[in-house]
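Colleague: Structure provided below as structure tokens; questions to follow.
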Amino acid sequence: MKAAIRAEFRLLWRGYVLPICLIVCALFAIANVVNQIAEVHSDYSLVQHTRADYAANGMDFAADLAKPAKIVIHGDEQTVTNLARFDYDNEASAIVALSPASSVTEALKYFGFIFFPALFFLLGLWMSTVQRRYHLEKIVIARKGTVTTVAARQIALLGAAVLTIATVIVVDLVCRAVATAVTSRQLPFGAYPPLSPEPADSPILQWALVLLVVLFFGGAGISVGAALGVFAIPAILFLIWDLVIPFLGPDDPRNWFVAMGHSVFDFTSGFQLAPADPLPLAIAVGGGVLGAAVLLALGYLCIRIRNPLAS
Amino acid sequence: MIEIENVTIAVRGRTVLENCTATIRAATVTHLVGANGSGKTTLIRAIAGIQRFSGSIRFDGADVARVRSRLYVCFDDAPVFPYLSGYENVRMLLGKSMSKSTIAGVAPSLADHTLLKRRAGKLSHGQRKRVHLVAALASRADYLVFDEALNGVDAPTVAEVAAALAQRAATATVLLTGHHEEAYASLNARRIDLVDGRLIATDDVTDGITA
């Protein structure tokens, strides 16, 4: 099994698929930090603008800062009653999000819901079809059987996920350290300590959710590849479904993950995830976990259907 | 020993092989002969466990699932992963780690270092065939099955493969298809003919009886 996993990983690496993924993810990680820098600057400008408005209207900015902001939502409209504190909180959150200490959470929430589903589906699909494209699968299956072949692909995909996430976090961490050092010279970060309590993070739940995303979409890619044996058409259809078509209702698998995402990540600063169609969290979690289990098992079933004797 | 018993194979509704029975003896090279389209590759796919069939194929009494790591099947199309070197393709085909010296040691002039260190995408069909022959010999499998093993291979290599197979046949069950009669004759290969979807062993009628 170890050799089979190593062979799958070697195909990913030497086929240039994994290096390209790492480079693309690193570029997106840099872009995410650049966006965060822009947000810090724009929130800072807003605070200065609001402070000037307060002064022009004879209002006490410092007094309002001491009171919490009130946000009232009427349908699609959001009304803010204490603009001074609201803008200050946004700037304080943006500064916290830019710091290296926020790197893991910010990277996971940025990549976990838009890039990773597409990335790991495509990786799984590629792994599941490349040997057939080069007519190698019959030899590999004849020697290893279907169970070892699919298990090796799933484990190698997990390895690729670990490497990708590690790369993203390292790049993100370095960028945030540099960005904080540079931006703190341009703006008075020390004047914006957080006044409102930061939302409590649960790193275990965040990592568990990202693992579920990898297993669900990676498993789907491996299963679809085993069933259809071709890369291009399923890849295009998936990308259209994932990135173009809006949610098809609360039971759309993408909605399950967005609903879970909103329950374990705070999206008030940095990357903003679209809101989920309302559904009970238990259904989202159940659907995600059960779906991942079914999709992982389907990989074994599909390859056996195509190779009926190679158990 | 590979025992093929009452094997019938239909592909897309057409019966390719019907009630084939034969024994591929251990420590012997067996040459499966048949015209183009007679079903040799289909039978080899069944032996490899990747073709549906009725009947039974046993490897010293065991099912194919139990002998996978001891079986190596070399297909005619000699597929390789183009981005890997010849050495890496051998390792991938065998699914195990092997040093370059071990790979090169199985057939020193066949496992040419200049050939095996090149990217497989740049190799000709005959060279890719050599990579597969090296993999087959390096596998140390108990059951070696070659489909058109020597097609596209140059004359000196044919002689060398024949010599290497003669050596391996002392401890393995070897089945080959192909039309290199002279090379196989030098191996004292036992011949089984595939005629009209049935197997006929010319040297031993009790083995090759067709139903």
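Scheme for the structure tokens: letters A, B, ... for chains in order shown; per-chain residue numbers from 1; ligand numbers from 1 in order shown.
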Do a neighbour search on stretch 138-150 of chain B at 7 Å with only C-alpha atoms, toss out local chain neighbours closer than 6 positions, and write the hits as a list in words.

Modeller: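 Here the qualifying residues turn out to be Thr41, Arg70, Leu71, Tyr72, Val73, Cys74, Phe75, Asp76, Leu94, Ile103, Val106, Val158, Ala172, Thr173, Val174, Leu175, Leu176, Thr177 and Gly178 of chain B.
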
Colleague: Taking only C-alpha atoms into account and nothing else, which residues of chain B lie no more than 6 Å away from chain A? Please answer as number ranges by chain.

Modeller: B: 48-50, 68-69, 79, 83, 92, 95-96

Colleague: Given the choices B:Ile4, B:Ala104, B:Val131, B:Leu32, which gets closest to B:Asp193 if the distance is worked out from only C-alpha atoms?

Modeller: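 Nearest candidate to B:Asp193 out of B:Ile4, B:Ala104, B:Val131, B:Leu32: B:Leu32.
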
Colleague: From a backbone DSSP assignment, name each residue in stretch 45-202 of chain B labelled strand (DSSP E), as a list in words.

Modeller: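 Restricting stretch 45-202 of chain B to strand (DSSP E) produces Ser54, Gly55, Ser56, Ile57, Arg58, Phe59, Leu71, Tyr72, Val73, Cys74, Tyr143, Leu144, Val145, Phe146, Thr173, Val174, Leu175, Leu176, Thr177, Arg190, Arg191, Ile192, Asp193, Leu194, Val195, Arg198, Leu199, Ile200 and Ala201 of chain B.
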
Colleague: Would you save the residues of that selection, restricted to N, CA and C atoms, as a tab-separated table (two decimals), in the first residue's frame?

Modeller:
chain	number	residue	atom	x	y	z
B	54	SER	N	-16.98	-16.48	-17.93
B	54	SER	CA	-17.57	-17.57	-17.16
B	54	SER	C	-16.59	-18.74	-17.20
B	55	GLY	N	-16.63	-19.58	-16.20
B	55	GLY	CA	-15.66	-20.65	-16.08
B	55	GLY	C	-14.70	-20.34	-14.95
B	56	SER	N	-13.51	-20.90	-15.02
B	56	SER	CA	-12.58	-20.68	-13.90
B	56	SER	C	-11.13	-20.56	-14.38
B	57	ILE	N	-10.42	-19.63	-13.78
B	57	ILE	CA	-8.98	-19.50	-14.02
B	57	ILE	C	-8.32	-19.52	-12.64
B	58	ARG	N	-7.49	-20.51	-12.40
B	58	ARG	CA	-6.86	-20.67	-11.08
B	58	ARG	C	-5.34	-20.67	-11.21
B	59	PHE	N	-4.72	-20.08	-10.22
B	59	PHE	CA	-3.26	-20.00	-10.19
B	59	PHE	C	-2.78	-20.92	-9.06
B	71	LEU	N	1.76	-11.92	-9.87
B	71	LEU	CA	1.39	-12.00	-11.30
B	71	LEU	C	1.84	-10.71	-11.99
B	72	TYR	N	2.49	-10.84	-13.12
B	72	TYR	CA	2.79	-9.64	-13.91
B	72	TYR	C	2.31	-9.85	-15.34
B	73	VAL	N	1.49	-8.92	-15.80
B	73	VAL	CA	0.95	-9.02	-17.16
B	73	VAL	C	1.52	-7.87	-17.97
B	74	CYS	N	2.14	-8.21	-19.09
B	74	CYS	CA	2.77	-7.22	-19.96
B	74	CYS	C	1.90	-7.09	-21.22
B	143	TYR	N	4.05	-15.73	-11.93
B	143	TYR	CA	3.26	-15.92	-13.15
B	143	TYR	C	3.54	-14.73	-14.06
B	144	LEU	N	4.18	-15.00	-15.18
B	144	LEU	CA	4.52	-13.93	-16.13
B	144	LEU	C	3.70	-14.14	-17.40
B	145	VAL	N	2.93	-13.13	-17.76
B	145	VAL	CA	2.07	-13.24	-18.94
B	145	VAL	C	2.42	-12.10	-19.88
B	146	PHE	N	2.76	-12.42	-21.12
B	146	PHE	CA	3.17	-11.39	-22.09
B	146	PHE	C	2.24	-11.44	-23.30
B	173	THR	N	5.82	-19.58	-14.06
B	173	THR	CA	4.91	-20.01	-15.12
B	173	THR	C	4.87	-18.87	-16.13
B	174	VAL	N	5.28	-19.15	-17.36
B	174	VAL	CA	5.40	-18.08	-18.36
B	174	VAL	C	4.46	-18.36	-19.52
B	175	LEU	N	3.62	-17.38	-19.84
B	175	LEU	CA	2.72	-17.51	-20.99
B	175	LEU	C	2.98	-16.33	-21.92
B	176	LEU	N	3.20	-16.63	-23.21
B	176	LEU	CA	3.45	-15.56	-24.18
B	176	LEU	C	2.54	-15.72	-25.39
B	177	THR	N	2.19	-14.59	-25.98
B	177	THR	CA	1.57	-14.64	-27.29
B	177	THR	C	2.52	-13.92	-28.24
B	190	ARG	N	6.22	-24.58	-25.09
B	190	ARG	CA	5.10	-25.47	-25.38
B	190	ARG	C	4.05	-24.63	-26.10
B	191	ARG	N	3.46	-25.16	-27.14
B	191	ARG	CA	2.59	-24.36	-27.98
B	191	ARG	C	1.12	-24.72	-27.75
B	192	ILE	N	0.30	-23.67	-27.59
B	192	ILE	CA	-1.15	-23.87	-27.54
B	192	ILE	C	-1.76	-22.98	-28.62
B	193	ASP	N	-2.58	-23.58	-29.45
B	193	ASP	CA	-3.20	-22.82	-30.54
B	193	ASP	C	-4.60	-22.37	-30.13
B	194	LEU	N	-4.92	-21.16	-30.52
B	194	LEU	CA	-6.27	-20.64	-30.29
B	194	LEU	C	-6.95	-20.57	-31.66
B	195	VAL	N	-7.86	-21.50	-31.87
B	195	VAL	CA	-8.50	-21.61	-33.19
B	195	VAL	C	-10.01	-21.56	-33.02
B	198	ARG	N	-11.29	-21.63	-29.57
B	198	ARG	CA	-11.01	-22.78	-28.71
B	198	ARG	C	-9.51	-23.02	-28.60
B	199	LEU	N	-9.08	-23.56	-27.46
B	199	LEU	CA	-7.66	-23.80	-27.23
B	199	LEU	C	-7.28	-25.23	-27.59
B	200	ILE	N	-6.20	-25.38	-28.32
B	200	ILE	CA	-5.73	-26.71	-28.69
B	200	ILE	C	-4.23	-26.79	-28.40
B	201	ALA	N	-3.88	-27.64	-27.44
B	201	ALA	CA	-2.46	-27.85	-27.14
B	201	ALA	C	-1.96	-28.94	-28.06

Colleague: Skip stretch 211-225 of chain A itself and residues of its chain fewer than 5 positions away, then list as a count of residues only all residues within 9 Å of it, counting only C-alpha atoms.

Modeller: 43

Colleague: Excluding A:Phe111 and its own-chain neighbours fewer than 6 positions away, which residues fall within 9 Å of it when counting only C-alpha atoms? Please give them as a PyMOL selection string.

Modeller: chain A and resi 25+28-29+117+165+168

Colleague: Given only C-alpha atoms as the basis, pick out the residue of B:Ala135, B:Ala65, B:Ala163, B:Ala155 nearest to A:Val147.

Modeller: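 Smallest separation from A:Val147 among the options: B:Ala65.
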
Colleague: Find, counting only C-alpha atoms, the residue in A:Leu12, A:Ala92, A:Ala276, A:Val285 that gets nearest to A:Asn255.

Modeller: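 When distances to A:Asn255 are compared using only C-alpha atoms, the smallest one comes from A:Ala276.
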
Colleague: Between A:Pro100, A:Gly229, A:Pro188, A:Pro68, which one has atoms that come closest to A:Arg176, using only C-alpha atoms?

Modeller: A:Pro100

Colleague: Name the residues in contact with A:Asn35 at a cut-off of 12 Å, using only C-alpha atoms, excluding same-chain residues fewer than 3 positions from it; report them as a list of chain:residue names.

Modeller: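 Surrounding residues, per the criterion: A:Phe28, A:Ala29, A:Ile30, A:Ala31, A:Asn32, A:Ala38, A:Glu39, A:Val40, A:His41, A:Ser42, A:Ala94, A:Ala97, A:Leu98, A:Glu106, A:Tyr110, A:Cys175, A:Arg176, A:Ala179, A:Ser269, A:Gly270, A:Phe271, A:Gln272.
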
Colleague: If you measure from atom CA of A:Ala66 to atom CA of A:Asp266, what distance in Å do you get, rounded to one decimal?

Modeller: 23.2 Å
